[in-house]
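Here is the file target.cif (mmCIF, C-alpha atoms and all ligand atoms).
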```cif
data_model
#
loop_
_atom_site.group_PDB
_atom_site.id
_atom_site.type_symbol
_atom_site.label_atom_id
_atom_site.label_comp_id
_atom_site.auth_asym_id
_atom_site.auth_seq_id
_atom_site.Cartn_x
_atom_site.Cartn_y
_atom_site.Cartn_z
ATOM 1 C CA MET A 1 36.504 47.949 269.494
ATOM 2 C CA GLN A 2 40.143 48.153 268.499
ATOM 3 C CA LYS A 3 39.813 44.923 266.543
ATOM 4 C CA LEU A 4 36.738 46.224 264.748
ATOM 5 C CA ILE A 5 38.584 49.370 263.643
ATOM 6 C CA LEU A 6 41.542 47.318 262.445
ATOM 7 C CA ALA A 7 39.225 44.971 260.528
ATOM 8 C CA SER A 8 37.511 47.831 258.739
ATOM 9 C CA ILE A 9 40.837 49.449 257.842
ATOM 10 C CA LEU A 10 42.012 46.140 256.367
ATOM 11 C CA ALA A 11 38.740 45.620 254.483
ATOM 12 C CA PHE A 12 38.941 49.148 253.089
ATOM 13 C CA SER A 13 42.520 48.783 251.883
ATOM 14 C CA PHE A 14 41.650 45.589 250.010
ATOM 15 C CA THR A 15 38.651 46.944 248.120
ATOM 16 C CA ASP A 16 40.682 47.979 245.067
ATOM 17 C CA ALA A 17 42.022 44.450 244.662
ATOM 18 C CA ALA A 18 39.577 42.996 242.148
ATOM 19 C CA PHE A 19 41.115 39.545 242.419
ATOM 20 C CA ALA A 20 42.399 37.687 245.418
ATOM 21 C CA ALA A 21 45.446 36.829 243.335
ATOM 22 C CA VAL A 22 46.599 40.410 242.881
ATOM 23 C CA ARG A 23 50.083 40.834 244.275
ATOM 24 C CA THR A 24 52.567 43.630 244.590
ATOM 25 C CA VAL A 25 56.252 42.919 244.361
ATOM 26 C CA THR A 26 59.273 45.171 244.735
ATOM 27 C CA LEU A 27 62.100 44.315 242.384
ATOM 28 C CA SER A 28 65.593 45.571 242.944
ATOM 29 C CA VAL A 29 67.042 46.757 239.622
ATOM 30 C CA PRO A 30 70.629 47.769 240.404
ATOM 31 C CA GLY A 31 71.662 48.145 236.755
ATOM 32 C CA MET A 32 69.751 51.371 236.113
ATOM 33 C CA TYR A 33 72.378 54.049 235.560
ATOM 34 C CA CYS A 34 70.594 57.000 233.974
ATOM 35 C CA ALA A 35 67.210 58.690 233.824
ATOM 36 C CA VAL A 36 66.115 56.747 230.717
ATOM 37 C CA CYS A 37 66.670 53.306 232.281
ATOM 38 C CA PRO A 38 63.530 53.404 234.462
ATOM 39 C CA ILE A 39 61.437 54.139 231.358
ATOM 40 C CA THR A 40 62.866 51.084 229.583
ATOM 41 C CA VAL A 41 62.302 48.915 232.644
ATOM 42 C CA LYS A 42 58.753 50.205 233.096
ATOM 43 C CA LYS A 43 57.860 49.506 229.456
ATOM 44 C CA ALA A 44 59.299 46.002 229.649
ATOM 45 C CA LEU A 45 57.310 45.204 232.785
ATOM 46 C CA GLU A 46 54.086 46.672 231.439
ATOM 47 C CA LYS A 47 54.296 44.300 228.470
ATOM 48 C CA VAL A 48 54.023 41.262 230.726
ATOM 49 C CA PRO A 49 50.434 39.952 230.584
ATOM 50 C CA GLY A 50 48.702 40.339 233.941
ATOM 51 C CA VAL A 51 50.700 43.375 235.057
ATOM 52 C CA SER A 52 48.387 46.213 236.044
ATOM 53 C CA LYS A 53 50.684 48.795 237.577
ATOM 54 C CA VAL A 54 54.392 49.622 237.413
ATOM 55 C CA ASN A 55 56.277 52.234 239.367
ATOM 56 C CA VAL A 56 59.997 52.499 238.754
ATOM 57 C CA SER A 57 62.243 54.602 240.951
ATOM 58 C CA PHE A 58 65.647 55.506 239.562
ATOM 59 C CA GLU A 59 66.757 56.945 242.913
ATOM 60 C CA LYS A 60 65.896 53.757 244.790
ATOM 61 C CA LYS A 61 66.887 51.490 241.884
ATOM 62 C CA GLU A 62 63.707 49.535 242.251
ATOM 63 C CA ALA A 63 60.479 48.687 240.480
ATOM 64 C CA VAL A 64 57.188 48.192 242.288
ATOM 65 C CA VAL A 65 54.942 45.962 240.208
ATOM 66 C CA THR A 66 51.305 45.057 240.755
ATOM 67 C CA PHE A 67 50.194 41.955 238.904
ATOM 68 C CA ASP A 68 47.613 39.202 238.808
ATOM 69 C CA ASP A 69 49.489 36.089 239.870
ATOM 70 C CA ALA A 70 47.078 33.888 237.947
ATOM 71 C CA ARG A 71 48.470 35.446 234.752
ATOM 72 C CA ALA A 72 51.964 36.674 235.581
ATOM 73 C CA SER A 73 54.695 35.407 237.867
ATOM 74 C CA ILE A 74 57.674 36.944 239.583
ATOM 75 C CA ASN A 75 59.851 34.869 237.251
ATOM 76 C CA ALA A 76 58.131 36.414 234.233
ATOM 77 C CA LEU A 77 58.763 39.895 235.654
ATOM 78 C CA GLU A 78 62.436 39.152 236.250
ATOM 79 C CA ASP A 79 62.734 37.702 232.744
ATOM 80 C CA ALA A 80 61.132 40.816 231.250
ATOM 81 C CA THR A 81 63.621 43.186 232.856
ATOM 82 C CA PHE A 82 66.481 40.851 231.992
ATOM 83 C CA GLU A 83 65.472 40.808 228.328
ATOM 84 C CA ALA A 84 65.377 44.604 228.413
ATOM 85 C CA GLY A 85 68.967 44.554 229.664
ATOM 86 C CA TYR A 86 68.448 44.848 233.405
ATOM 87 C CA GLU A 87 68.839 42.134 235.953
ATOM 88 C CA SER A 88 66.335 42.271 238.780
ATOM 89 C CA THR A 89 65.785 40.444 242.017
ATOM 90 C CA VAL A 90 62.844 40.380 244.389
ATOM 91 C CA LYS A 91 63.196 42.808 247.255
ATOM 92 C CA ALA A 92 59.806 42.411 248.905
ATOM 93 C CA ALA A 93 56.599 40.672 247.993
ATOM 94 C CA ALA A 94 53.207 41.219 249.531
ATOM 95 C CA ARG A 95 50.005 39.478 248.745
ATOM 96 C CA ASP A 96 46.977 41.750 248.651
ATOM 97 C CA GLY A 97 43.835 40.006 249.787
ATOM 98 C CA GLN A 98 43.314 36.375 250.599
ATOM 99 C CA PRO A 99 45.878 33.659 250.031
ATOM 100 C CA LYS A 100 45.066 31.365 247.147
HETATM 101 CU CU CU B 201 69.870 54.571 231.231
#
```
Could you express the structure from this file as structure tokens?
Amino acid sequence: MQKLILASILAFSFTDAAFAAVRTVTLSVPGMYCAVCPITVKKALEKVPGVSKVNVSFEKKEAVVTFDDARASINALEDATFEAGYESTVKAAARDGQPK
């Protein structure tokens, strides 16, 4: 019974992932120093093809990015923030859905 509940919770949480290759990554962006920085970082990340969602926290100095890993890569995300003037490194990566 417990396993069944767990399985349905997992299935439910994956329903919004249209593709098995959708991933969410947390980038650490230590160079953000004022309230405008997260906006710049967010815009830069949203320009990367395959990125579907960007949440940047100035307080935490991090960016949580959801992307289709068939179209974008963590390297491309890091490059995008770097080109915008902010170095970023991967803090945590989670794969939503099935492994490729
Ligand atoms: Cu700033």
Worksheet entry | Nearest candidate to ligand CU 201 (chain B) (options A:Ala84, A:Val90, A:Ala21, A:Ala76; using only C-alpha atoms and all ligand atoms) |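 Among the listed residues, the smallest separation from ligand CU 201 (chain B) belongs to A:Ala84.
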Discussion item. Which residues would end up in the selection if the PyMOL selection byres (((not hetatm)) within 6 of (chain B and resi 201)) were applied here, given that I need the answer as an NGL selection string?
Written reply: :A and (32-37)
Item to complete: Report as a list in words the residues that result from applying the PyMOL selection byres (((chain A and resi 28) around 8) and not hetatm) to the structure here.
Response: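 Evaluating the PyMOL selection byres (((chain A and resi 28) around 8) and not hetatm) on this file yields Thr26, Leu27, Val29, Pro30, Lys61, Glu62, Ala63, Ser88, Thr89, Val90 and Lys91 of chain A.
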I need the residues from that last selection saved to file as a compact mmCIF listing (two decimals), in the frame of the given file (with C-alpha atoms), if you can.
```txt
# COMPACT_ATOMS: atom_id res chain seq x y z
CA THR A 26 59.27 45.17 244.74
CA LEU A 27 62.10 44.32 242.38
CA VAL A 29 67.04 46.76 239.62
CA PRO A 30 70.63 47.77 240.40
CA LYS A 61 66.89 51.49 241.88
CA GLU A 62 63.71 49.54 242.25
CA ALA A 63 60.48 48.69 240.48
CA SER A 88 66.33 42.27 238.78
CA THR A 89 65.78 40.44 242.02
CA VAL A 90 62.84 40.38 244.39
CA LYS A 91 63.20 42.81 247.26
```
Worksheet item: Quick one: distance from atom CA of Glu78 of chain A to atom CA of Arg23 of chain A in Å, one decimal?
Response: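 Rounded to one decimal, the two atoms are 14.8 Å apart.
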Fill in: Contact residues around Val64 of chain A with only C-alpha atoms at 6 Å, ignoring same-chain residues under 6 positions, as a ChimeraX atom specification
/A:25-26,54-55
Item to complete: Compare A:Ala70, A:Val41, A:Val48, A:Val22 by their minimum atom-to-atom distance to Gly85 of chain A, counting all atoms listed in the file, and give me the closest one.
Response: A:Val41
Worksheet item: If you apply the PyMOL selection byres (((chain A and resi 77) around 9) and not hetatm) to this file, what residues do you get, as number ranges by chain?
Response: A: 27, 44-45, 48, 51, 65, 72-76, 78-82, 88
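If you look at atom CA of Tyr86 of chain A and atom CA of Asp69 of chain A, they are 21.9 Å away from each other.
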